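Report on one structure; see the data block that follows.
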Amino acid sequence: MIDFYIIKILLLTFLSFIFTMAWTPILTYFLYKYKLGKNIRNDGTTPLFSKMHAHKSGTPTMGGLLIWVTVLIFSLSFFYLYKFLPLDIFINLNFLSRSETLLPLGCLVASALVGLIDDLLDIKKMGHKNRGIKFSHKFIIYSLIALVGALWFYFKLNWDVVHIPFLGNFYFGWYFIIFFIFVVVGTAFAVNQTDGLDGLAAGTLLTAFSAYAVISFVAGKYDLTVFCGVIIGALLAFLWFNISPARFFMGDTGSMSLGITLALMAFYTNTVFILPFLGFIFVIEALSSIIQMLSKKFRNGKKFFLSSPIHHHFEAKGWSEPKIVMRFWIIANTATAVGLIIFLLDKT
């Protein structure tokens, strides 16, 4: 039976990659034809960032559509084929289940649509200060999406437990809902902060979802493993076009939705305290932005970094974009290896 699941996971990962590669030219044509390009801020508030990224102005964003649309199509196609044509092949390929993948799919699509609206408003120079949805409003919307997930876990799955490696399970009670929202929203915005250099977010997300494919497989959550596999296949295809110089950017429609989904993987596998290792770069990026903000607030406008998040700091110091991305990938893979070791040792 294990052999069957391995074949299913690898097959759907491969098909996801091929399918995403196949429809990428269609999306690329649409993005370039309608000039859905990113606006690089040049309002004087971030002069260093504007100077470093001026050459990227006009590069299409919303490339994250490639990932979540592919996942949505694969999830629904095999589910409905299995429902209306109950052939063995469709029954075997279906991976949409209430216990494992329905919530991640719903949260992925809901947050992706919010991000898509934000991206469009930013491109059209509409919304708050002509830059899309106001941050406080985005925070509320994504928190509501996270709340739905928290209530699903708490009431539908009867889940209020958090596992700490080597220490065991801790019962949070209704505080689990608050903790859930904090982790999910925090992860989403951390991934969003990472999406600032060609290939950076996609490469680090690829590592994280690959790790969760392994973890969910070891945990016997095979539908969740396939779900991760489909994301991995789509991410590989996206990364093919997103490495420097990028043909398009991920946009909020990709980064926010994948960040939320990544956090859900951590809760479904009860490995929330391993997530900081698997998403180590995201943690560092988020912390650098927080440190920069606090430094300017409490040190009379003085910056701790030349620019934030931290990948822009290294960019300002003269590092080339590919060098930063490659080194961050190395760090991400190393930290992920540590996380997987902790997970496996904790299992023994």
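Order determines the names: the first chain of the structure tokens is A, the second B, and so forth; residues in each chain are numbered 1 upward, and ligands are numbered 1 upward as they are shown.
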
(request) Please provide the set of residues having any atom within 10 Å of Gly203 in chain A, restricted to only C-alpha atoms, with same-chain residues fewer than 2 positions apart removed, written as a PyMOL selection string. (result) chain A and resi 198-201+205-208+235-236+238-239+242-243+325-326+328-329+332-333

Generate a file of the selected residues that holds C-alpha atoms, formatted as a tab-separated table (two decimals), in the first residue's frame.
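That gives us out_2.tsv:
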```
chain	number	residue	atom	x	y	z
A	198	ASP	CA	13.74	36.87	-7.92
A	199	GLY	CA	13.30	33.26	-6.83
A	200	LEU	CA	13.73	33.90	-3.11
A	201	ALA	CA	10.21	33.21	-1.83
A	205	LEU	CA	8.70	27.77	-0.01
A	206	LEU	CA	9.73	24.83	-2.17
A	207	THR	CA	12.05	23.64	0.59
A	208	ALA	CA	9.41	24.10	3.29
A	235	LEU	CA	6.26	25.88	-7.43
A	236	LEU	CA	8.93	24.17	-9.54
A	238	PHE	CA	6.83	28.89	-11.27
A	239	LEU	CA	10.47	28.98	-10.21
A	242	ASN	CA	10.88	33.38	-11.59
A	243	ILE	CA	14.66	32.97	-11.28
A	325	VAL	CA	19.07	34.18	-3.20
A	326	MET	CA	21.47	31.23	-3.49
A	328	PHE	CA	19.42	32.18	1.50
A	329	TRP	CA	18.43	28.91	-0.22
A	332	ALA	CA	16.89	27.44	4.25
A	333	ASN	CA	17.91	23.91	3.28
```

(message) Can you pull out every residue from range 51-202 of chain A that DSSP, working from the backbone, puts in helix (DSSP H, G or I), and format the result as a PyMOL selection string?
(response) chain A and resi 51-56+65-84+88-93+102-123+128-130+135-156+175-194+200-202

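Candidate residues A:Ile331, A:Ile341, A:Ala190, A:Val162 were compared for distance to Gly259 in chain A, and the nearest is A:Ala190, using only C-alpha atoms.
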
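Counting only C-alpha atoms, the residue from A:Val71, A:Ile324, A:Leu167, A:Ile2 that sits nearest to Gly233 in chain A is A:Val71.
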
(request) Check the smallest atom-to-atom distance from each of A:Phe182, A:Phe176, A:Phe280, A:Tyr268 to Leu224 in chain A using only C-alpha atoms, then report the winner. (result) A:Tyr268

(message) Could you list, as a ChimeraX atom specification, every residue within 9 Å of Met256 in chain A, counting only C-alpha atoms and ignoring same-chain residues fewer than 2 positions away?
(response) /A:108,111-112,114-115,142,185,187-192,251-254,258-261

(message) Which residue is closest to Gly132 in chain A? Choose from A:Lys38, A:Ala146, A:Ile91, A:Thr269 and count only C-alpha atoms.
(response) A:Lys38

(request) With a distance cut-off of 8 Å and only C-alpha atoms, select the neighbouring residues of Pro165 in chain A, excluding the residue or stretch itself and same-chain residues fewer than 6 positions from it, and output the selection as a ChimeraX atom specification. (result) /A:273-274,342-343,346
